[in-house]
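Engineer: I am sharing run_7.txt, which consists of compact mmCIF, C-alpha atoms and all ligand atoms:
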```
# COMPACT_ATOMS: atom_id res chain seq x y z
CA MET T 26 -1.34 -13.24 9.40
CA LYS T 27 -2.97 -13.79 6.02
CA ASN T 28 -5.01 -10.63 6.54
CA ARG T 29 -1.79 -8.67 6.91
CA LEU T 30 -0.14 -9.71 3.66
CA ILE T 31 -1.03 -7.70 0.54
CA VAL T 32 0.13 -9.09 -2.80
CA ALA T 33 0.93 -6.48 -5.45
CA LEU T 34 -0.44 -7.72 -8.79
CA ASP T 35 2.02 -5.58 -10.74
CA THR T 36 1.42 -6.77 -14.30
CA ASP T 37 -0.69 -5.64 -17.22
CA ASP T 38 -1.31 -9.20 -18.39
CA GLY T 39 -4.97 -9.92 -17.60
CA GLU T 40 -4.49 -13.69 -17.84
CA ASP T 41 -1.60 -13.57 -15.38
CA ILE T 42 -3.68 -11.53 -12.96
CA ASP T 43 -6.55 -13.99 -13.26
CA TRP T 44 -4.19 -16.89 -12.65
CA LEU T 45 -2.37 -15.24 -9.73
CA SER T 46 -5.59 -14.19 -8.04
CA GLY T 47 -7.11 -17.65 -8.51
CA THR T 48 -3.95 -19.33 -7.22
CA LEU T 49 -3.56 -17.12 -4.16
CA LYS T 50 -7.15 -16.39 -3.18
CA ASP T 51 -7.43 -19.04 -0.46
CA ILE T 52 -4.36 -17.89 1.42
CA VAL T 53 -4.13 -14.16 0.55
CA PRO T 54 -7.29 -12.03 0.75
CA TRP T 55 -5.65 -8.66 -0.02
CA VAL T 56 -4.52 -7.83 -3.54
CA LYS T 57 -2.98 -4.55 -4.62
CA ILE T 58 -4.06 -3.10 -7.95
CA GLY T 59 -1.66 -0.53 -9.38
CA PHE T 60 -1.73 1.34 -12.69
CA GLN T 61 -0.62 -1.68 -14.72
CA ALA T 62 -3.39 -3.98 -13.56
CA PHE T 63 -5.92 -1.14 -13.49
CA SER T 64 -5.12 -0.24 -17.11
CA VAL T 65 -6.24 -3.66 -18.32
CA LEU T 66 -8.92 -4.46 -15.77
CA GLY T 67 -10.60 -1.16 -14.90
CA THR T 68 -13.16 -0.74 -12.18
CA GLU T 69 -15.34 -3.57 -13.52
CA SER T 70 -12.82 -5.99 -12.06
CA PHE T 71 -13.53 -4.86 -8.49
CA LEU T 72 -16.75 -6.90 -8.37
CA TRP T 73 -14.97 -9.85 -9.90
CA PHE T 74 -12.17 -9.65 -7.30
CA SER T 75 -14.57 -9.29 -4.39
CA GLY T 76 -16.62 -12.20 -5.77
CA ARG T 77 -13.47 -14.30 -5.33
CA GLY T 78 -13.17 -13.14 -1.74
CA HIS T 79 -10.41 -10.62 -2.38
CA LEU T 80 -10.08 -7.25 -0.72
CA ILE T 81 -8.80 -4.52 -3.01
CA PHE T 82 -6.01 -2.09 -2.22
CA LEU T 83 -6.22 0.40 -5.07
CA ASP T 84 -2.70 1.79 -5.38
CA LEU T 85 -3.10 4.71 -7.78
CA LYS T 86 -1.26 7.14 -5.47
CA PHE T 87 -3.46 10.13 -6.19
CA HIS T 88 -1.73 13.52 -6.16
CA ASP T 89 -3.71 16.47 -7.48
CA ILE T 90 -5.77 19.44 -6.35
CA PRO T 91 -8.22 18.68 -3.53
CA ASN T 92 -11.33 18.78 -5.72
CA THR T 93 -9.92 16.31 -8.24
CA VAL T 94 -8.59 13.86 -5.66
CA ALA T 95 -11.86 14.05 -3.72
CA ARG T 96 -13.75 13.08 -6.86
CA ASP T 97 -11.27 10.33 -7.74
CA VAL T 98 -11.47 8.84 -4.26
CA GLY T 99 -15.27 9.14 -4.16
CA THR T 100 -15.55 7.34 -7.50
CA MET T 101 -13.23 4.52 -6.44
CA THR T 102 -15.09 4.16 -3.15
CA ARG T 103 -18.38 3.74 -5.01
CA HIS T 104 -16.75 1.08 -7.19
CA GLY T 105 -15.83 -0.86 -4.05
CA ALA T 106 -12.12 -0.27 -3.41
CA ASN T 107 -11.36 -1.30 0.19
CA MET T 108 -8.09 0.62 0.57
CA ILE T 109 -7.07 3.70 -1.42
CA ASN T 110 -3.88 5.73 -1.28
CA MET T 111 -2.69 9.22 -2.17
CA HIS T 112 0.62 11.06 -1.84
CA ALA T 113 0.68 12.79 1.53
CA SER T 114 2.83 15.44 -0.15
CA GLY T 115 -0.31 16.40 -2.13
CA GLY T 116 -1.19 18.45 0.91
CA PHE T 117 -3.37 18.64 3.99
CA GLU T 118 -6.44 20.01 2.18
CA MET T 119 -6.20 17.31 -0.48
CA MET T 120 -6.18 14.57 2.16
CA GLN T 121 -9.03 16.18 4.11
CA ALA T 122 -11.14 16.47 0.95
CA ALA T 123 -10.44 12.82 0.11
CA ARG T 124 -11.55 11.71 3.58
CA ILE T 125 -14.85 13.60 3.36
CA SER T 126 -15.49 12.33 -0.13
CA ALA T 127 -14.79 8.66 0.73
CA ASP T 128 -17.00 8.81 3.82
CA ASP T 129 -19.85 10.49 1.95
CA ALA T 130 -19.63 8.11 -1.02
CA ALA T 131 -19.65 5.05 1.25
CA TYR T 132 -22.51 6.39 3.32
CA ASP T 133 -24.61 7.24 0.24
CA ALA T 134 -23.98 3.84 -1.34
CA GLY T 135 -24.41 1.94 1.93
CA ILE T 136 -21.02 0.26 1.58
CA PRO T 137 -18.02 0.01 3.94
CA ILE T 138 -15.82 3.08 4.29
CA PRO T 139 -12.46 2.39 2.63
CA ILE T 140 -9.16 2.63 4.45
CA LEU T 141 -7.39 5.78 3.24
CA LEU T 142 -3.59 5.91 3.28
CA GLY T 143 -1.02 8.61 2.66
CA VAL T 144 2.16 7.62 0.82
CA THR T 145 5.14 9.18 2.62
CA ILE T 146 8.50 8.80 0.87
CA LEU T 147 8.77 5.92 -1.57
CA THR T 148 10.81 2.95 -0.39
CA SER T 149 12.98 3.21 -3.51
CA VAL T 150 14.47 6.48 -2.17
CA ASP T 151 17.38 6.37 0.26
CA GLU T 152 18.83 9.11 2.48
CA GLU T 153 21.40 10.15 -0.12
CA GLY T 154 18.81 10.35 -2.90
CA PHE T 155 16.47 12.24 -0.62
CA GLN T 156 19.12 14.81 0.32
CA THR T 157 20.18 15.23 -3.31
CA HIS T 158 16.81 15.42 -5.06
CA PHE T 159 14.11 16.54 -2.64
CA GLY T 160 15.51 19.92 -1.62
CA SER T 161 14.43 19.43 1.99
CA GLU T 162 16.25 20.60 5.11
CA ARG T 163 14.95 17.56 6.96
CA LYS T 164 16.37 14.07 7.20
CA LEU T 165 14.38 11.46 5.30
CA THR T 166 12.90 9.94 8.47
CA GLU T 167 11.91 13.37 9.78
CA GLN T 168 10.08 14.06 6.53
CA VAL T 169 8.33 10.67 6.69
CA VAL T 170 7.14 11.38 10.25
CA TYR T 171 6.09 14.91 9.31
CA LEU T 172 3.97 13.60 6.42
CA ALA T 173 2.50 10.85 8.63
CA LYS T 174 1.41 13.44 11.20
CA GLN T 175 -0.17 15.55 8.45
CA ALA T 176 -2.01 12.48 7.12
CA LYS T 177 -3.31 11.65 10.58
CA GLU T 178 -4.48 15.20 11.28
CA ALA T 179 -6.22 15.31 7.92
CA GLY T 180 -8.22 12.21 8.88
CA LEU T 181 -6.48 9.45 6.96
CA ASP T 182 -6.33 5.98 8.54
CA GLY T 183 -2.63 5.43 8.05
CA VAL T 184 0.40 5.68 5.82
CA VAL T 185 2.54 3.73 3.42
CA ALA T 186 6.14 3.85 4.64
CA SER T 187 9.28 1.77 4.84
CA PRO T 188 9.46 -0.81 7.64
CA LEU T 189 12.53 1.10 8.83
CA GLU T 190 10.33 4.06 9.84
CA ILE T 191 7.65 2.21 11.79
CA GLU T 192 9.00 3.07 15.22
CA PRO T 193 9.16 6.87 14.82
CA ILE T 194 5.75 6.90 13.07
CA ARG T 195 4.20 4.89 15.94
CA LYS T 196 5.70 7.27 18.45
CA ALA T 197 4.30 10.28 16.62
CA CYS T 198 0.93 8.90 15.50
CA GLY T 199 -0.02 6.21 18.03
CA ASP T 200 -0.97 2.54 17.92
CA LYS T 201 -4.23 2.85 16.01
CA PHE T 202 -2.66 4.59 13.04
CA LEU T 203 -2.12 2.01 10.29
CA ILE T 204 1.32 1.45 8.83
CA VAL T 205 1.51 -0.38 5.51
CA THR T 206 5.01 -1.32 4.43
CA PRO T 207 6.33 -2.19 0.98
CA GLY T 208 10.08 -2.62 0.61
CA ILE T 209 9.79 -6.19 1.86
CA ARG T 210 12.40 -8.68 0.77
CA PRO T 211 12.73 -12.21 2.13
CA LYS T 212 16.38 -13.28 2.37
CA TRP T 213 15.84 -15.57 -0.63
CA ALA T 214 14.48 -12.86 -2.99
CA GLU T 215 16.16 -10.29 -5.22
CA VAL T 216 16.22 -6.71 -3.94
CA GLY T 217 15.60 -4.98 -7.31
CA ASP T 218 15.03 -1.21 -7.09
CA GLN T 219 13.89 -1.18 -3.45
CA LYS T 220 16.29 0.51 -1.02
CA ARG T 221 14.75 0.86 2.46
CA ILE T 222 13.92 -2.79 2.98
CA THR T 223 13.50 -5.49 5.64
CA THR T 224 12.43 -9.13 5.65
CA PRO T 225 8.72 -9.99 6.21
CA ALA T 226 9.39 -11.13 9.80
CA GLU T 227 11.35 -8.01 10.65
CA ALA T 228 8.56 -5.76 9.33
CA ILE T 229 6.01 -7.59 11.49
CA ASP T 230 8.39 -7.48 14.47
CA ARG T 231 8.76 -3.75 14.03
CA GLY T 232 4.96 -3.40 14.12
CA ALA T 233 3.74 -3.17 10.51
CA ASP T 234 -0.04 -3.61 10.25
CA TYR T 235 0.19 -4.81 6.63
CA ILE T 236 3.11 -5.74 4.43
CA VAL T 237 3.04 -5.35 0.64
CA VAL T 238 4.94 -7.90 -1.44
CA GLY T 239 5.09 -7.91 -5.21
CA ARG T 240 7.96 -9.41 -7.20
CA PRO T 241 9.13 -11.96 -4.59
CA ILE T 242 5.70 -13.61 -5.02
CA ILE T 243 4.45 -12.80 -8.50
CA GLU T 244 7.79 -13.47 -10.19
CA ALA T 245 8.52 -16.64 -8.20
CA ASP T 246 8.54 -19.96 -10.06
CA ASP T 247 5.79 -21.04 -7.69
CA PRO T 248 3.88 -17.96 -6.39
CA LEU T 249 1.70 -20.04 -4.05
CA GLU T 250 4.74 -21.58 -2.40
CA ALA T 251 6.43 -18.14 -2.15
CA ALA T 252 3.33 -16.65 -0.49
CA GLU T 253 3.10 -19.58 1.93
CA ARG T 254 6.77 -19.19 2.78
CA ILE T 255 6.31 -15.47 3.47
CA LEU T 256 3.22 -16.15 5.62
CA ASP T 257 5.24 -18.70 7.61
CA GLU T 258 8.02 -16.16 8.10
CA MET T 259 5.43 -13.59 9.28
CA LYS T 260 3.92 -16.10 11.72
CA GLY T 261 7.38 -16.87 13.09
CA ALA T 262 7.98 -13.17 13.89
O1 LIG T 301 7.77 -5.89 -6.20
P1 LIG T 301 7.82 -5.17 -4.89
O2 LIG T 301 7.65 -6.08 -3.69
O3 LIG T 301 8.98 -4.22 -4.76
O4 LIG T 301 6.48 -4.28 -4.93
C1 LIG T 301 6.18 -3.29 -3.98
C2 LIG T 301 4.92 -2.61 -4.39
O5 LIG T 301 4.63 -1.58 -3.46
C3 LIG T 301 4.96 -1.97 -5.77
O6 LIG T 301 3.68 -2.13 -6.35
C4 LIG T 301 5.20 -0.50 -5.49
O7 LIG T 301 4.58 0.33 -6.44
C5 LIG T 301 4.53 -0.33 -4.13
N1 LIG T 301 5.04 0.75 -3.30
C6 LIG T 301 6.36 0.84 -2.91
N2 LIG T 301 6.79 1.89 -2.12
C7 LIG T 301 5.92 2.77 -1.68
C8 LIG T 301 4.57 2.69 -2.05
C9 LIG T 301 4.17 1.64 -2.86
O8 LIG T 301 7.16 -0.01 -3.25
N3 LIG T 301 6.31 3.72 -0.86
```
Using the file provided, produce a representation of the structure as structure tokens.
Structural biologist:
Amino acid sequence: MKNRLIVALDTDDGEDIDWLSGTLKDIVPWVKIGFQAFSVLGTESFLWFSGRGHLIFLDLKFHDIPNTVARDVGTMTRHGANMINMHASGGFEMMQAARISADDAAYDAGIPIPILLGVTILTSVDEEGFQTHFGSERKLTEQVVYLAKQAKEAGLDGVVASPLEIEPIRKACGDKFLIVTPGIRPKWAEVGDQKRITTPAEAIDRGADYIVVGRPIIEADDPLEAAERILDEMKGA
């Protein structure tokens, strides 16, 4: 199970990141680096993280023209990111270009090909917000499945989606397509701004390949204990 838990190091305090990574490294290989952590650590930290045995999910959610995203993804592949994401709404050509670029960069550098993920609809959006602000004729879940199918056809390895959408994505995209789910809240944690949520065990039960957990671990009084508790809940699924 420990390979299926990704801890989001959502802070721009370098000392905190160092402490959290050092504290969690024996039980949690995957760490997620978003803009906050990236802004203080940069790409130089990738070697440092991997030296500690961490795998890096670089969560910069690229969304730009195909040429730019291809270059961004190629660069981050060369620096050693193990998982990279982009907004699936950036378009089919953007995702295709990213795939080619990541594969080429990894091949040229003789390093592993990173997992590429498309972000569908953020887990902080609910049906009402989607209907009001996205101007789509579709239901939220239909849009998530549509974007997942686009990501798959474009050659991405999987998507980031809410645990509540795992079943329809599996049906549309098959068992090998990876589903990474944020929006995870143990019963004992605060919900915050997340809306489409489940507990860790429920996400695993529903078939998530990886779950992403940030605040319930990094803001806990004892992050190690919180991570262990979540791993236990995942194992009990
Ligand atoms: O603190 P919390 O557990 O809510 O953190 C979830 C993490 O997953 C955050 O870093 C957030 O940016 C990220 N994320 C998300 N929803 C998505 C994609 C990424 O919450 N659809």
Engineer: Let me see if you get this right: every residue at most 6 Å from ligand LIG 301 (chain T), counting only C-alpha atoms and all ligand atoms, written as a PyMOL selection string.
Structural biologist: chain T and resi 33+35+144+146-148+185-186+207-209+219+237-240
Engineer: Can you pull out every residue within 10 Å of Ala130 (chain T), counting all atoms listed in the file, but drop anything in the same chain fewer than 2 positions away, and send it as a PyMOL selection string?
Structural biologist: chain T and resi 96+98-104+124-128+132-139
Engineer: Using only C-alpha atoms, pick whichever of T:Lys220, T:Lys212, T:His88, T:Arg231 has the shortest atom-to-atom distance to Pro193 (chain T).
Structural biologist: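 The answer is T:Arg231, which sits nearest to Pro193 (chain T).
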Engineer: One decimal, in Å: what's the spacing between CA of Ala106 (chain T) and CA of Met259 (chain T)?
Structural biologist: 25.4 Å
Engineer: Identify, on the basis of all atoms listed in the file, every residue whose closest approach to Asn107 (chain T) does not exceed 7 Å; exclude the query and any residue fewer than 6 positions from it along the same chain; express the result as a short mmCIF file (atom, residue, chain, number, x, y, z; two decimals) with C-alpha atoms, in the frame of the given file.
Structural biologist:
```
data_model
loop_
_atom_site.label_atom_id
_atom_site.label_comp_id
_atom_site.auth_asym_id
_atom_site.auth_seq_id
_atom_site.Cartn_x
_atom_site.Cartn_y
_atom_site.Cartn_z
CA LEU T 80 -10.08 -7.25 -0.72
CA ILE T 81 -8.80 -4.52 -3.01
CA PHE T 82 -6.01 -2.09 -2.22
CA PRO T 139 -12.46 2.39 2.63
CA ILE T 140 -9.16 2.63 4.45
#
```
Engineer: Rounded to one decimal place, report the CA of Met111 (chain T)-CA of Asp41 (chain T) distance in Å.
Structural biologist: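 One can read the CA of Met111 (chain T) to CA of Asp41 (chain T) distance as 26.4 Å.
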Engineer: Between T:Phe155, T:Trp44, T:Phe63, T:Phe87, which has the minimum distance to Arg221 (chain T) (counting all atoms listed in the file)?
Structural biologist: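 Smallest separation from Arg221 (chain T) among the options: T:Phe155.
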Engineer: Output, as JSON, the centre and edge lengths in Å (one decimal) of the axis-aligned box that contains all listed atoms of region 57-67 of chain T with 3 Å of margin on each side.
Structural biologist:
```
{"center_x": -5.6, "center_y": -1.6, "center_z": -11.5, "size_x": 16.0, "size_y": 11.9, "size_z": 19.7}
```
Engineer: At what distance in Å, to one decimal, does CA of Ala123 (chain T) lie from CA of Ala176 (chain T)?
Structural biologist: 11.0 Å
Engineer: Using all atoms listed in the file, find the one residue out of T:Gly105, T:Pro91, T:Val184, T:Asp97 that sits nearest to Thr68 (chain T).
Structural biologist: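 With all atoms listed in the file as the atom set, the closest residue is T:Gly105.
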Engineer: Pick out the residues sitting within 8 Å of Leu45 (chain T), and hand them over as a PyMOL selection string; count only C-alpha atoms, and ignore anything fewer than 2 positions along from it in its own chain.
Structural biologist: chain T and resi 34+41-43+47-49+243+248
Engineer: Using only C-alpha atoms, which of the listed residues (T:Phe202, T:Gly232, T:Ser64, T:Leu83) sits closest to Val32 (chain T)?
Structural biologist: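 Counting only C-alpha atoms, the residue closest to Val32 (chain T) is T:Leu83.
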Engineer: Between T:Pro54, T:Gly183, T:Gly143, T:Pro188, which is the closest to Thr166 (chain T) once you count all atoms listed in the file?
Structural biologist: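 Using all atoms listed in the file, Thr166 (chain T) sits closest to T:Pro188.
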Engineer: Using only C-alpha atoms, find all polymer residues with an atom at most 12 Å away from the point (9.0, -14.1, -0.6); report them as a short mmCIF file (atom, residue, chain, number, x, y, z; two decimals) with C-alpha atoms, in the coordinates of the input.
Structural biologist:
```
data_model
loop_
_atom_site.label_atom_id
_atom_site.label_comp_id
_atom_site.auth_asym_id
_atom_site.auth_seq_id
_atom_site.Cartn_x
_atom_site.Cartn_y
_atom_site.Cartn_z
CA LEU T 30 -0.14 -9.71 3.66
CA ILE T 31 -1.03 -7.70 0.54
CA VAL T 32 0.13 -9.09 -2.80
CA GLY T 208 10.08 -2.62 0.61
CA ILE T 209 9.79 -6.19 1.86
CA ARG T 210 12.40 -8.68 0.77
CA PRO T 211 12.73 -12.21 2.13
CA LYS T 212 16.38 -13.28 2.37
CA TRP T 213 15.84 -15.57 -0.63
CA ALA T 214 14.48 -12.86 -2.99
CA GLU T 215 16.16 -10.29 -5.22
CA VAL T 216 16.22 -6.71 -3.94
CA THR T 223 13.50 -5.49 5.64
CA THR T 224 12.43 -9.13 5.65
CA PRO T 225 8.72 -9.99 6.21
CA ALA T 226 9.39 -11.13 9.80
CA ILE T 236 3.11 -5.74 4.43
CA VAL T 237 3.04 -5.35 0.64
CA VAL T 238 4.94 -7.90 -1.44
CA GLY T 239 5.09 -7.91 -5.21
CA ARG T 240 7.96 -9.41 -7.20
CA PRO T 241 9.13 -11.96 -4.59
CA ILE T 242 5.70 -13.61 -5.02
CA ILE T 243 4.45 -12.80 -8.50
CA GLU T 244 7.79 -13.47 -10.19
CA ALA T 245 8.52 -16.64 -8.20
CA ASP T 246 8.54 -19.96 -10.06
CA ASP T 247 5.79 -21.04 -7.69
CA PRO T 248 3.88 -17.96 -6.39
CA LEU T 249 1.70 -20.04 -4.05
CA GLU T 250 4.74 -21.58 -2.40
CA ALA T 251 6.43 -18.14 -2.15
CA ALA T 252 3.33 -16.65 -0.49
CA GLU T 253 3.10 -19.58 1.93
CA ARG T 254 6.77 -19.19 2.78
CA ILE T 255 6.31 -15.47 3.47
CA LEU T 256 3.22 -16.15 5.62
CA ASP T 257 5.24 -18.70 7.61
CA GLU T 258 8.02 -16.16 8.10
CA MET T 259 5.43 -13.59 9.28
#
```
Engineer: Please list, as a count of residues only, the residues that have an atom at most 10 Å away from (-3.4, 2.0, -13.4) in the coordinates of this file, counting all atoms listed in the file.
Structural biologist: 16
Engineer: Identify which of the residues T:Gly76, T:Phe117, T:Tyr235, T:Glu69 lies closest to Ser46 (chain T), counting only C-alpha atoms when measuring atom-to-atom distances.
Structural biologist: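 Going through T:Gly76, T:Phe117, T:Tyr235, T:Glu69 one by one, the smallest distance to Ser46 (chain T) is for T:Gly76.
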Engineer: If we count only C-alpha atoms, what is near Lys196 (chain T) at a cut-off of 12 Å, once residues fewer than 5 positions away on the same chain are taken out, given as a PyMOL selection string?
Structural biologist: chain T and resi 170-171+173-174+190-191+201-202+232
Engineer: Please provide as a count of residues only all residues within 12 Å of Gln175 (chain T), with the sequence filter that same-chain residues fewer than 2 positions apart are discarded (counting all atoms listed in the file).
Structural biologist: 31
